[in-house]
Structures are given as structure tokens and as C-alpha cells.
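**Q** One file: structure-v9.json (JSON, C-alpha atoms and all ligand atoms).
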```
[["chain", "number", "residue", "atom", "x", "y", "z"],
["A", 17, "MET", "CA", 107.18, -10.95, -24.30],
["A", 18, "ALA", "CA", 109.10, -7.65, -24.34],
["A", 19, "LEU", "CA", 107.54, -4.67, -26.09],
["A", 20, "ASP", "CA", 109.32, -2.05, -28.25],
["A", 21, "ILE", "CA", 107.54, 1.29, -28.52],
["A", 22, "ASP", "CA", 108.69, 4.13, -30.78],
["A", 23, "VAL", "CA", 107.01, 7.46, -30.06],
["A", 24, "LEU", "CA", 106.88, 10.31, -32.57],
["A", 25, "THR", "CA", 106.25, 13.68, -30.92],
["A", 26, "LEU", "CA", 107.10, 17.37, -31.09],
["A", 27, "PHE", "CA", 107.71, 17.31, -27.31],
["A", 28, "PRO", "CA", 109.84, 14.28, -26.36],
["A", 29, "GLU", "CA", 110.88, 15.99, -23.09],
["A", 30, "MET", "CA", 107.30, 15.66, -21.80],
["A", 31, "PHE", "CA", 107.75, 11.88, -21.50],
["A", 32, "ALA", "CA", 110.77, 11.76, -19.19],
["A", 33, "GLY", "CA", 109.02, 12.12, -15.82],
["A", 34, "PRO", "CA", 105.90, 9.98, -16.13],
["A", 35, "LEU", "CA", 107.67, 7.02, -17.74],
["A", 36, "SER", "CA", 110.79, 6.96, -15.52],
["A", 37, "HIS", "CA", 109.27, 6.23, -12.13],
["A", 38, "SER", "CA", 107.50, 3.52, -10.22],
["A", 39, "ILE", "CA", 106.25, 0.46, -12.07],
["A", 40, "ILE", "CA", 106.90, 1.61, -15.65],
["A", 41, "GLY", "CA", 110.36, 2.95, -14.73],
["A", 42, "ARG", "CA", 111.24, -0.47, -13.30],
["A", 43, "ALA", "CA", 109.82, -2.29, -16.34],
["A", 44, "ARG", "CA", 112.05, -0.16, -18.60],
["A", 45, "ASN", "CA", 115.11, -0.83, -16.45],
["A", 46, "GLN", "CA", 114.35, -4.55, -16.62],
["A", 47, "GLY", "CA", 114.05, -4.35, -20.42],
["A", 48, "ILE", "CA", 110.44, -5.55, -20.43],
["A", 49, "VAL", "CA", 109.36, -2.41, -22.24],
["A", 50, "GLN", "CA", 111.68, -0.42, -24.49],
["A", 51, "ILE", "CA", 110.57, 3.15, -25.29],
["A", 52, "SER", "CA", 112.31, 5.28, -27.95],
["A", 53, "LEU", "CA", 111.34, 8.93, -28.30],
["A", 54, "TRP", "CA", 111.70, 10.71, -31.63],
["A", 55, "ASN", "CA", 111.38, 14.45, -32.20],
["A", 56, "ILE", "CA", 109.38, 14.99, -35.40],
["A", 57, "ARG", "CA", 111.27, 18.27, -35.94],
["A", 58, "ASP", "CA", 114.49, 16.29, -36.40],
["A", 59, "PHE", "CA", 113.04, 14.92, -39.65],
["A", 60, "THR", "CA", 112.68, 18.32, -41.34],
["A", 61, "LEU", "CA", 115.14, 19.30, -44.08],
["A", 62, "ASP", "CA", 114.59, 23.07, -44.20],
["A", 63, "LYS", "CA", 116.50, 25.74, -42.33],
["A", 64, "HIS", "CA", 113.50, 26.74, -40.20],
["A", 65, "ARG", "CA", 112.67, 23.10, -39.28],
["A", 66, "ILE", "CA", 109.00, 23.59, -40.16],
["A", 67, "VAL", "CA", 106.66, 20.77, -39.12],
["A", 68, "ASP", "CA", 103.25, 22.33, -39.85],
["A", 69, "ASP", "CA", 101.51, 24.55, -42.39],
["A", 70, "THR", "CA", 98.21, 26.37, -42.91],
["A", 71, "PRO", "CA", 95.19, 24.29, -43.97],
["A", 72, "TYR", "CA", 94.17, 24.28, -47.65],
["A", 73, "GLY", "CA", 90.74, 25.91, -47.88],
["A", 74, "GLY", "CA", 91.56, 28.28, -45.03],
["A", 75, "GLY", "CA", 90.45, 28.27, -41.43],
["A", 76, "PRO", "CA", 92.15, 28.39, -38.05],
["A", 77, "GLY", "CA", 95.01, 26.26, -36.81],
["A", 78, "MET", "CA", 97.83, 24.42, -38.49],
["A", 79, "VAL", "CA", 98.21, 20.95, -40.00],
["A", 80, "MET", "CA", 101.24, 18.68, -39.55],
["A", 81, "LYS", "CA", 103.06, 18.23, -42.88],
["A", 82, "PRO", "CA", 102.82, 14.78, -44.51],
["A", 83, "ASP", "CA", 106.33, 14.84, -46.00],
["A", 84, "VAL", "CA", 107.98, 15.39, -42.61],
["A", 85, "LEU", "CA", 105.83, 12.73, -40.91],
["A", 86, "ALA", "CA", 106.54, 10.25, -43.73],
["A", 87, "ARG", "CA", 110.30, 10.80, -43.45],
["A", 88, "ALA", "CA", 110.14, 10.15, -39.72],
["A", 89, "LEU", "CA", 107.98, 7.06, -40.06],
["A", 90, "ASP", "CA", 109.96, 5.54, -42.94],
["A", 91, "PHE", "CA", 113.04, 5.80, -40.73],
["A", 92, "ILE", "CA", 111.36, 4.23, -37.67],
["A", 93, "ARG", "CA", 109.89, 1.47, -39.87],
["A", 94, "LEU", "CA", 113.41, 0.16, -40.56],
["A", 95, "ASP", "CA", 113.39, -1.24, -36.98],
["A", 96, "ASN", "CA", 109.71, -1.37, -36.06],
["A", 97, "SER", "CA", 107.04, -3.20, -38.07],
["A", 98, "GLY", "CA", 104.27, -2.80, -35.48],
["A", 99, "PRO", "CA", 100.98, -0.96, -36.02],
["A", 100, "VAL", "CA", 101.02, 2.84, -36.23],
["A", 101, "ILE", "CA", 98.70, 4.25, -33.58],
["A", 102, "TYR", "CA", 97.69, 7.88, -33.99],
["A", 103, "LEU", "CA", 96.43, 9.57, -30.81],
["A", 104, "THR", "CA", 93.53, 11.80, -31.83],
["A", 105, "PRO", "CA", 90.18, 12.97, -30.40],
["A", 106, "GLN", "CA", 88.59, 11.25, -33.44],
["A", 107, "GLY", "CA", 89.90, 7.80, -32.49],
["A", 108, "GLN", "CA", 88.22, 4.86, -30.78],
["A", 109, "THR", "CA", 88.11, 5.40, -27.01],
["A", 110, "LEU", "CA", 90.84, 3.41, -25.23],
["A", 111, "ALA", "CA", 89.39, 0.49, -23.27],
["A", 112, "GLN", "CA", 91.01, -2.32, -21.31],
["A", 113, "SER", "CA", 90.09, -4.80, -24.06],
["A", 114, "ALA", "CA", 92.05, -2.82, -26.68],
["A", 115, "ALA", "CA", 94.98, -2.44, -24.28],
["A", 116, "SER", "CA", 95.13, -6.24, -23.84],
["A", 117, "LYS", "CA", 95.33, -6.74, -27.61],
["A", 118, "LEU", "CA", 98.14, -4.19, -27.91],
["A", 119, "ALA", "CA", 100.02, -5.85, -25.01],
["A", 120, "ALA", "CA", 100.18, -9.04, -27.12],
["A", 121, "LYS", "CA", 102.22, -7.24, -29.84],
["A", 122, "SER", "CA", 106.00, -7.03, -29.78],
["A", 123, "GLN", "CA", 106.25, -3.60, -31.43],
["A", 124, "LEU", "CA", 104.14, -0.42, -31.53],
["A", 125, "ILE", "CA", 104.58, 3.01, -33.12],
["A", 126, "LEU", "CA", 102.77, 5.92, -31.48],
["A", 127, "LEU", "CA", 102.17, 9.25, -33.21],
["A", 128, "CYS", "CA", 101.22, 12.25, -31.08],
["A", 129, "GLY", "CA", 99.20, 14.91, -32.85],
["A", 130, "HIS", "CA", 99.32, 18.60, -32.19],
["A", 131, "TYR", "CA", 97.71, 21.67, -33.78],
["A", 132, "GLU", "CA", 94.58, 20.73, -35.74],
["A", 133, "GLY", "CA", 95.97, 17.32, -36.64],
["A", 134, "ILE", "CA", 97.84, 15.59, -39.46],
["A", 135, "ASP", "CA", 97.47, 15.77, -43.24],
["A", 136, "GLU", "CA", 94.77, 13.31, -44.37],
["A", 137, "ARG", "CA", 97.00, 11.68, -47.00],
["A", 138, "PHE", "CA", 99.59, 10.72, -44.40],
["A", 139, "ARG", "CA", 96.82, 9.32, -42.19],
["A", 140, "ALA", "CA", 95.42, 7.24, -45.06],
["A", 141, "LEU", "CA", 98.81, 5.84, -46.05],
["A", 142, "TYR", "CA", 100.46, 5.22, -42.67],
["A", 143, "VAL", "CA", 98.02, 5.11, -39.76],
["A", 144, "ASP", "CA", 96.63, 1.71, -38.69],
["A", 145, "ILE", "CA", 94.72, 2.58, -35.52],
["A", 146, "GLU", "CA", 93.34, 5.91, -34.24],
["A", 147, "MET", "CA", 92.85, 6.20, -30.50],
["A", 148, "SER", "CA", 91.34, 8.71, -28.09],
["A", 149, "ILE", "CA", 91.50, 8.40, -24.30],
["A", 150, "GLY", "CA", 88.07, 9.94, -23.68],
["A", 151, "ASP", "CA", 85.62, 12.67, -24.54],
["A", 152, "TYR", "CA", 87.40, 15.78, -23.28],
["A", 153, "VAL", "CA", 89.75, 18.18, -25.05],
["A", 154, "LEU", "CA", 93.49, 18.12, -24.33],
["A", 155, "THR", "CA", 96.20, 20.22, -25.99],
["A", 156, "GLY", "CA", 97.96, 17.34, -27.74],
["A", 157, "GLY", "CA", 98.49, 13.60, -28.04],
["A", 158, "GLU", "CA", 101.44, 13.34, -25.62],
["A", 159, "LEU", "CA", 99.48, 12.72, -22.41],
["A", 160, "PRO", "CA", 97.23, 10.21, -24.24],
["A", 161, "ALA", "CA", 100.35, 8.40, -25.54],
["A", 162, "MET", "CA", 101.68, 8.16, -21.98],
["A", 163, "VAL", "CA", 98.31, 6.88, -20.77],
["A", 164, "LEU", "CA", 98.34, 4.23, -23.50],
["A", 165, "ILE", "CA", 101.93, 3.18, -22.70],
["A", 166, "ASP", "CA", 101.15, 2.93, -18.97],
["A", 167, "THR", "CA", 97.98, 0.92, -19.60],
["A", 168, "VAL", "CA", 99.67, -1.52, -22.00],
["A", 169, "ALA", "CA", 103.04, -1.86, -20.23],
["A", 170, "ARG", "CA", 101.56, -2.90, -16.87],
["A", 171, "LEU", "CA", 99.95, -5.88, -18.62],
["A", 172, "LEU", "CA", 103.30, -7.31, -19.77],
["A", 173, "THR", "CA", 104.56, -10.40, -18.01],
["A", 174, "GLY", "CA", 106.80, -9.52, -15.07],
["A", 175, "VAL", "CA", 105.76, -5.87, -14.75],
["A", 176, "LEU", "CA", 103.34, -6.40, -11.88],
["A", 177, "GLY", "CA", 104.22, -8.76, -9.04],
["A", 178, "ALA", "CA", 102.02, -11.81, -8.41],
["A", 179, "GLU", "CA", 100.62, -9.69, -5.53],
["A", 180, "ASP", "CA", 98.68, -7.21, -7.67],
["A", 181, "SER", "CA", 98.49, -9.26, -10.86],
["A", 182, "ALA", "CA", 96.49, -7.63, -13.65],
["A", 183, "THR", "CA", 94.01, -10.52, -13.71],
["A", 184, "GLU", "CA", 92.50, -9.17, -10.46],
["A", 185, "ASP", "CA", 91.85, -5.74, -12.01],
["A", 186, "SER", "CA", 88.57, -3.98, -11.93],
["A", 187, "PHE", "CA", 87.55, -3.81, -15.63],
["A", 188, "SER", "CA", 89.11, -7.24, -16.15],
["A", 189, "ASN", "CA", 86.40, -8.91, -14.08],
["A", 190, "GLY", "CA", 84.05, -6.14, -15.22],
["A", 191, "LEU", "CA", 83.26, -4.84, -11.72],
["A", 192, "LEU", "CA", 84.48, -1.92, -9.65],
["A", 193, "GLU", "CA", 86.67, -2.77, -6.68],
["A", 194, "HIS", "CA", 85.42, -3.40, -3.18],
["A", 195, "PRO", "CA", 86.45, -0.96, -0.39],
["A", 196, "HIS", "CA", 89.87, -1.44, 1.26],
["A", 197, "TYR", "CA", 90.87, -1.00, 4.91],
["A", 198, "THR", "CA", 94.15, -0.98, 6.82],
["A", 199, "ARG", "CA", 95.25, -0.15, 10.38],
["A", 200, "PRO", "CA", 94.10, 1.40, 12.68],
["A", 201, "ARG", "CA", 91.08, -0.80, 13.35],
["A", 202, "VAL", "CA", 89.16, 2.27, 14.58],
["A", 203, "PHE", "CA", 89.61, 5.60, 12.80],
["A", 204, "ARG", "CA", 87.50, 8.59, 13.98],
["A", 205, "GLU", "CA", 85.10, 6.17, 15.60],
["A", 206, "MET", "CA", 84.65, 4.25, 12.34],
["A", 207, "GLU", "CA", 85.37, 0.52, 12.63],
["A", 208, "VAL", "CA", 86.71, -1.87, 10.04],
["A", 209, "PRO", "CA", 83.93, -4.31, 9.02],
["A", 210, "SER", "CA", 84.22, -7.26, 11.42],
["A", 211, "VAL", "CA", 84.17, -9.89, 8.65],
["A", 212, "LEU", "CA", 87.61, -8.62, 7.50],
["A", 213, "LEU", "CA", 89.03, -9.37, 10.97],
["A", 214, "SER", "CA", 87.40, -12.82, 11.16],
["A", 215, "GLY", "CA", 90.09, -14.68, 9.25],
["A", 216, "HIS", "CA", 87.31, -16.56, 7.44],
["A", 217, "HIS", "CA", 88.61, -16.48, 3.87],
["A", 218, "GLY", "CA", 85.40, -17.69, 2.24],
["A", 219, "GLN", "CA", 83.25, -15.09, 4.02],
["A", 220, "ILE", "CA", 85.76, -12.36, 3.22],
["A", 221, "GLN", "CA", 85.69, -13.26, -0.50],
["A", 222, "ARG", "CA", 81.91, -13.21, -0.49],
["A", 223, "TRP", "CA", 81.77, -9.84, 1.33],
["A", 224, "ARG", "CA", 84.23, -8.33, -1.16],
["A", 225, "LEU", "CA", 82.28, -9.59, -4.16],
["A", 226, "LYS", "CA", 79.08, -8.22, -2.65],
["A", 227, "GLU", "CA", 80.61, -4.79, -2.00],
["A", 228, "SER", "CA", 82.03, -4.81, -5.55],
["A", 229, "LEU", "CA", 78.53, -5.39, -6.84],
["A", 230, "ARG", "CA", 77.14, -2.64, -4.56],
["A", 231, "ARG", "CA", 79.68, -0.11, -5.85],
["A", 232, "THR", "CA", 79.17, -1.10, -9.46],
["A", 233, "LEU", "CA", 75.39, -0.88, -9.12],
["A", 234, "GLU", "CA", 75.68, 2.54, -7.48],
["A", 235, "ARG", "CA", 78.35, 4.13, -9.70],
["A", 236, "ARG", "CA", 78.57, 2.20, -12.98],
["A", 237, "PRO", "CA", 75.34, 0.26, -13.59],
["A", 238, "ASP", "CA", 76.29, 0.19, -17.29],
["A", 239, "LEU", "CA", 79.03, -2.34, -16.43],
["A", 240, "LEU", "CA", 76.42, -4.77, -15.07],
["A", 241, "ASP", "CA", 74.33, -4.61, -18.24],
["A", 242, "SER", "CA", 77.27, -5.42, -20.51],
["A", 243, "GLN", "CA", 78.22, -8.84, -19.07],
["A", 244, "PRO", "CA", 76.59, -12.12, -18.12],
["A", 245, "LEU", "CA", 76.53, -12.83, -14.38],
["A", 246, "SER", "CA", 76.69, -16.34, -12.91],
["A", 247, "LYS", "CA", 73.64, -17.49, -10.92],
["A", 248, "ASP", "CA", 75.60, -17.03, -7.66],
["A", 249, "VAL", "CA", 76.65, -13.49, -8.49],
["A", 250, "HIS", "CA", 73.18, -12.62, -9.73],
["A", 251, "GLU", "CA", 71.69, -13.70, -6.37],
["A", 252, "LEU", "CA", 74.25, -11.63, -4.49],
["A", 253, "LEU", "CA", 73.31, -8.64, -6.67],
["A", 254, "GLU", "CA", 69.63, -9.13, -5.85],
["A", 255, "ASP", "CA", 70.54, -9.14, -2.10],
["A", 256, "VAL", "CA", 72.41, -5.85, -2.59],
["A", 257, "LYS", "CA", 69.42, -4.29, -4.38],
["A", 258, "GLN", "CA", 67.13, -5.37, -1.51],
["A", 259, "GLU", "CA", 69.49, -3.94, 1.13],
["A", 260, "ASP", "CA", 70.01, -0.65, -0.67],
["A", 261, "CYS", "CA", 66.27, -0.31, -1.21],
["A", 262, "LYS", "CA", 65.65, -0.81, 2.52],
["A", 263, "GLU", "CA", 68.44, 1.65, 3.31],
["A", 264, "ARG", "CA", 66.83, 4.35, 1.18],
["A", 265, "THR", "CA", 63.30, 3.98, 2.57],
["A", 266, "LYS", "CA", 64.59, 3.84, 6.19],
["A", 267, "GLY", "CA", 64.14, 6.98, 8.31],
["A", 268, "GLY", "CA", 61.84, 8.66, 5.81],
["A", 269, "LEU", "CA", 64.66, 9.34, 3.30],
["A", 270, "VAL", "CA", 62.15, 8.62, 0.57],
["A", 271, "GLU", "CA", 58.68, 10.14, 1.00],
["A", 272, "GLN", "CA", 55.79, 7.80, 0.21],
["B", 301, "LIG", "C1", 88.90, 22.44, -33.07],
["B", 301, "LIG", "C2", 88.54, 21.03, -33.01],
["B", 301, "LIG", "N1", 89.32, 20.28, -32.01],
["B", 301, "LIG", "C3", 88.73, 18.91, -31.86],
["B", 301, "LIG", "C4", 87.88, 18.81, -30.64],
["B", 301, "LIG", "C5", 90.68, 20.14, -32.48],
["B", 301, "LIG", "C6", 91.62, 19.50, -31.55],
["B", 301, "LIG", "C7", 91.56, 19.67, -30.19],
["B", 301, "LIG", "C8", 92.49, 19.09, -29.34],
["B", 301, "LIG", "C9", 92.61, 18.70, -32.06],
["B", 301, "LIG", "C10", 93.54, 18.13, -31.23],
["B", 301, "LIG", "C11", 93.48, 18.33, -29.87],
["B", 301, "LIG", "C12", 94.51, 17.73, -28.98],
["B", 301, "LIG", "N2", 94.11, 16.43, -28.44],
["B", 301, "LIG", "C13", 94.68, 15.31, -28.85],
["B", 301, "LIG", "O1", 95.57, 15.32, -29.66],
["B", 301, "LIG", "C14", 94.19, 14.05, -28.32],
["B", 301, "LIG", "C15", 93.14, 13.77, -27.38],
["B", 301, "LIG", "C16", 92.21, 14.62, -26.69],
["B", 301, "LIG", "O2", 92.20, 15.87, -26.78],
["B", 301, "LIG", "N3", 91.31, 14.02, -25.87],
["B", 301, "LIG", "C17", 91.24, 12.67, -25.68],
["B", 301, "LIG", "N4", 92.07, 11.85, -26.32],
["B", 301, "LIG", "C18", 92.99, 12.41, -27.16],
["B", 301, "LIG", "S1", 94.10, 11.54, -28.04],
["B", 301, "LIG", "C19", 94.77, 12.89, -28.73]]
```
Now, as a test, write the supplied structure out as C-alpha cells.

**A**
Amino acid sequence: MALDIDVLTLFPEMFAGPLSHSIIGRARNQGIVQISLWNIRDFTLDKHRIVDDTPYGGGPGMVMKPDVLARALDFIRLDNSGPVIYLTPQGQTLAQSAASKLAAKSQLILLCGHYEGIDERFRALYVDIEMSIGDYVLTGGELPAMVLIDTVARLLTGVLGAEDSATEDSFSNGLLEHPHYTRPRVFREMEVPSVLLSGHHGQIQRWRLKESLRRTLERRPDLLDSQPLSKDVHELLEDVKQEDCKERTKGGLVEQ
């Protein structure tokens, strides 16, 4: 149930803030997730504490040395037999499905890259999974490691209250969330949809599902293609398409 994560990084100080507050901070205090930070530089043996070197064959940038990384990992392995996850732009893009699988493990080892990356021989011998968090260029693997930890840790039993349980997540049911409203009932002359004030639970559920479908259709139609919809939901989606079509042709928004 609890998860032990060992993180190998050149910048352990970067992790203090993001992982000490709010939900993840509480999960750590409760012992549901245990995070150990290791400075790769502490596993050097030379006077200058060198962690990287120039690439064979020439070219720009530096490569993280395999001997230093291996010394660090062999030490961490004494207490952690989980998969080694290397955060790299070349990895598989993090998705909720992969996060769920990692949340079922009891131990993980995360390796944050920097410079041009790690020596290929270390990767071949030690790395089990390579992960990216998306197609944009960051300066290192630390922020991606924190994103991965946050995504996985919130799935652990007891981290979220029953209130906002992870089973209700957008991406778990495969749809974007419906809009939310709170007091005041009228804000800048805009009213809260009356169905939400009706107290009719069934109608409210149906309205929310419909607005979820509307948002998903508008913003992420790819999500609708990648999952089977029940007959009920499919009909609701057809209603939304009809309404949105009417909305667009109304008032000459679309010329004939
Ligand atoms: C010169 C070629 N660059 C690849 C696009 C090299 C390079 C750029 C940036 C190598 C490493 C990095 C730092 N990024 C990460 O370590 C990283 C990352 C990212 O940049 N985007 C999304 N996910 C990730 S996971 C690790």
C-alpha cells in the first residue's frame, strides 16, 4: 500500500518545495509515500566530484558518467528493488494508465537526467522504463520526476479523501470535467444553471455528463474516438452535437 521512492538527481534541493505541501506533503507525513533524495555527486570518488564528461565522437554538451551512476544505483538497490525509471525526452509520454500501474508497485527508483543525457551502457544495464512528460523541452528531469511522483502518489490509498476520490477523475472516465459553480448564484449578471439548484440528483448527474461530453467534443475529440461509449452516453453525445450545430448556425454565425 505504501510506496518508497528513491530519486537520483544532481539537484535534490529542487524537490523540497513542491513535495512538502498540500496533498503530497500530507501523504509523506502520514507515511503513505516515502521519498528519499540522493545527490548523484555524492557518489563520485575524485577530488573534483565530476559527474559528466565530453561525448566520444565530439559534439556539444556533456554526458553523465556511467561509473558514477552505477555506484549510486548499486547503493540504492540494497534497499530498493523497484523498477528504474529514467526521465528523458526520449521516453514514453506519461499517461494516467502508466501512472496507475506504477501506483501498484511498492518501490520505484527515479533517475533525473541533465546535460545531453546518460551514457548508453548505463542505460542498457540499469534502466527499466524511460519516461517523458510531453513534447516540449525542459532543462532537466527534475520537474518531470516531481510530476511523476505527484501523479502516482495521489492514486495511493488514503491520499485523497473519499470526497475527491481518484476514481472520479477526468482521464479515468476518459472525459473532461463538466463546469463547476459556487456562490454567489448571480455573478456579473451570469446565473448558475437552474438544474444545479433544483436538488434533483438524477437530472444534475445527467446535466453534468452532458456538459462533460460537450467539453470533450469541443476541446479533446480524440478522447471520444479512443473509447467505447454506452448507448445512453452515445445518445447524449448526439444531442450535444445537434445543440452545438444549432448554436453555430444561429444568428448567421455560419454563412450558407
Ligand atoms: C539537443 C537535444 N535535446 C533533446 C531535445 C537534448 C535535451 C534537451 C533537454 C536533453 C535533455 C533535456 C532535458 N529534459 C529532460 O531531461 C526531460 C524532459 C523534457 O525536456 N521534456 C519532457 N519530458 C522530459 S523527461 C526529462

**Q** Skipping near chain neighbours, those fewer than 5 positions away, what residues fall within 8 Å of Ala115 in chain A using only C-alpha atoms, listed as a PyMOL selection string?

**A** chain A and resi 110+164+167-168

**Q** Nearest to Leu172 in chain A among A:Ala120, A:Leu229, A:Met30, A:Ile92, with distances taken over all atoms listed in the file: which residue is it?

**A**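 Checking each of A:Ala120, A:Leu229, A:Met30, A:Ile92 against Leu172 in chain A, counting all atoms listed in the file, the winner is A:Ala120.
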
**Q** Can you work out the spacing between CA of His130 in chain A and CA of Thr104 in chain A in Å, to one decimal?

**A**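 Going from CA of His130 in chain A over to CA of Thr104 in chain A, I get 8.9 Å.
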
**Q** Which residues are near ligand LIG 301 (chain B) - at most 10 Å, using only C-alpha atoms and all ligand atoms? Format: as an mmCIF file with C-alpha atoms, keeping the file's coordinate frame.

**A**
```cif
data_model
loop_
_atom_site.group_PDB
_atom_site.id
_atom_site.type_symbol
_atom_site.label_atom_id
_atom_site.label_comp_id
_atom_site.auth_asym_id
_atom_site.auth_seq_id
_atom_site.Cartn_x
_atom_site.Cartn_y
_atom_site.Cartn_z
ATOM 1 C CA PRO A 76 92.150 28.390 -38.050
ATOM 2 C CA GLY A 77 95.010 26.260 -36.810
ATOM 3 C CA VAL A 79 98.210 20.950 -40.000
ATOM 4 C CA TYR A 102 97.690 7.880 -33.990
ATOM 5 C CA LEU A 103 96.430 9.570 -30.810
ATOM 6 C CA THR A 104 93.530 11.800 -31.830
ATOM 7 C CA PRO A 105 90.180 12.970 -30.400
ATOM 8 C CA GLN A 106 88.590 11.250 -33.440
ATOM 9 C CA GLY A 107 89.900 7.800 -32.490
ATOM 10 C CA GLN A 108 88.220 4.860 -30.780
ATOM 11 C CA THR A 109 88.110 5.400 -27.010
ATOM 12 C CA LEU A 110 90.840 3.410 -25.230
ATOM 13 C CA LEU A 127 102.170 9.250 -33.210
ATOM 14 C CA CYS A 128 101.220 12.250 -31.080
ATOM 15 C CA GLY A 129 99.200 14.910 -32.850
ATOM 16 C CA HIS A 130 99.320 18.600 -32.190
ATOM 17 C CA TYR A 131 97.710 21.670 -33.780
ATOM 18 C CA GLU A 132 94.580 20.730 -35.740
ATOM 19 C CA GLY A 133 95.970 17.320 -36.640
ATOM 20 C CA ILE A 134 97.840 15.590 -39.460
ATOM 21 C CA GLU A 146 93.340 5.910 -34.240
ATOM 22 C CA MET A 147 92.850 6.200 -30.500
ATOM 23 C CA SER A 148 91.340 8.710 -28.090
ATOM 24 C CA ILE A 149 91.500 8.400 -24.300
ATOM 25 C CA GLY A 150 88.070 9.940 -23.680
ATOM 26 C CA ASP A 151 85.620 12.670 -24.540
ATOM 27 C CA TYR A 152 87.400 15.780 -23.280
ATOM 28 C CA VAL A 153 89.750 18.180 -25.050
ATOM 29 C CA LEU A 154 93.490 18.120 -24.330
ATOM 30 C CA THR A 155 96.200 20.220 -25.990
ATOM 31 C CA GLY A 156 97.960 17.340 -27.740
ATOM 32 C CA GLY A 157 98.490 13.600 -28.040
ATOM 33 C CA GLU A 158 101.440 13.340 -25.620
ATOM 34 C CA LEU A 159 99.480 12.720 -22.410
ATOM 35 C CA PRO A 160 97.230 10.210 -24.240
ATOM 36 C CA ALA A 161 100.350 8.400 -25.540
ATOM 37 C CA VAL A 163 98.310 6.880 -20.770
ATOM 38 C CA LEU A 164 98.340 4.230 -23.500
#
```

**Q** Within 12 Å of (114.6, 18.5, -42.6) (coordinates as in the file), grab all the protein and nucleic acid residues, counting all atoms listed in the file, and write them out as an NGL selection string.

**A** :A and (55-67 or 81 or 83-88)

**Q** Take the residues from that selection and put them in a file with C-alpha atoms, as a PDB file, keeping the file's coordinate frame.

**A**
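For reference, selection.pdb as written:
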```
ATOM      1  CA  ASN A  55     111.380  14.450 -32.200  1.00  0.00           C
ATOM      2  CA  ILE A  56     109.380  14.990 -35.400  1.00  0.00           C
ATOM      3  CA  ARG A  57     111.270  18.270 -35.940  1.00  0.00           C
ATOM      4  CA  ASP A  58     114.490  16.290 -36.400  1.00  0.00           C
ATOM      5  CA  PHE A  59     113.040  14.920 -39.650  1.00  0.00           C
ATOM      6  CA  THR A  60     112.680  18.320 -41.340  1.00  0.00           C
ATOM      7  CA  LEU A  61     115.140  19.300 -44.080  1.00  0.00           C
ATOM      8  CA  ASP A  62     114.590  23.070 -44.200  1.00  0.00           C
ATOM      9  CA  LYS A  63     116.500  25.740 -42.330  1.00  0.00           C
ATOM     10  CA  HIS A  64     113.500  26.740 -40.200  1.00  0.00           C
ATOM     11  CA  ARG A  65     112.670  23.100 -39.280  1.00  0.00           C
ATOM     12  CA  ILE A  66     109.000  23.590 -40.160  1.00  0.00           C
ATOM     13  CA  VAL A  67     106.660  20.770 -39.120  1.00  0.00           C
ATOM     14  CA  LYS A  81     103.060  18.230 -42.880  1.00  0.00           C
ATOM     15  CA  ASP A  83     106.330  14.840 -46.000  1.00  0.00           C
ATOM     16  CA  VAL A  84     107.980  15.390 -42.610  1.00  0.00           C
ATOM     17  CA  LEU A  85     105.830  12.730 -40.910  1.00  0.00           C
ATOM     18  CA  ALA A  86     106.540  10.250 -43.730  1.00  0.00           C
ATOM     19  CA  ARG A  87     110.300  10.800 -43.450  1.00  0.00           C
ATOM     20  CA  ALA A  88     110.140  10.150 -39.720  1.00  0.00           C
TER      21      ALA A  88
END
```

**Q** In terms of the shortest atom-to-atom distance over all atoms listed in the file, which of A:Val100, A:Val175, A:Met162, A:Leu89 is closest to Gln46 in chain A?

**A** A:Val175

**Q** Provide range 71-75 of chain A rebuilt to all heavy atoms, formatted as a CSV table (one decimal), keeping the file's coordinate frame.

**A**
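Wrote rebuild.csv, looks like this:
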```
chain,number,residue,atom,x,y,z
A,71,PRO,N,96.1,25.2,-43.3
A,71,PRO,CA,95.2,24.3,-44.0
A,71,PRO,C,94.7,24.8,-45.3
A,71,PRO,O,94.4,26.0,-45.5
A,71,PRO,CB,94.0,24.2,-43.0
A,71,PRO,CG,94.0,25.4,-42.2
A,71,PRO,CD,95.4,25.8,-42.1
A,72,TYR,N,94.8,24.0,-46.4
A,72,TYR,CA,94.2,24.3,-47.6
A,72,TYR,C,92.7,24.5,-47.4
A,72,TYR,O,92.0,23.8,-46.6
A,72,TYR,CB,94.3,23.1,-48.6
A,72,TYR,CG,95.6,23.1,-49.4
A,72,TYR,CD1,96.5,22.1,-49.2
A,72,TYR,CD2,95.9,24.1,-50.3
A,72,TYR,CE1,97.7,22.1,-49.9
A,72,TYR,CE2,97.1,24.1,-51.0
A,72,TYR,CZ,98.0,23.1,-50.8
A,72,TYR,OH,99.2,23.1,-51.5
A,73,GLY,N,92.1,25.6,-48.1
A,73,GLY,CA,90.7,25.9,-47.9
A,73,GLY,C,90.5,26.9,-46.8
A,73,GLY,O,89.4,27.4,-46.6
A,74,GLY,N,91.6,27.3,-46.1
A,74,GLY,CA,91.6,28.3,-45.0
A,74,GLY,C,91.1,27.7,-43.7
A,74,GLY,O,90.8,26.6,-43.5
A,75,GLY,N,90.9,28.6,-42.8
A,75,GLY,CA,90.4,28.3,-41.4
A,75,GLY,C,91.6,28.4,-40.4
A,75,GLY,O,92.7,28.6,-40.8
```
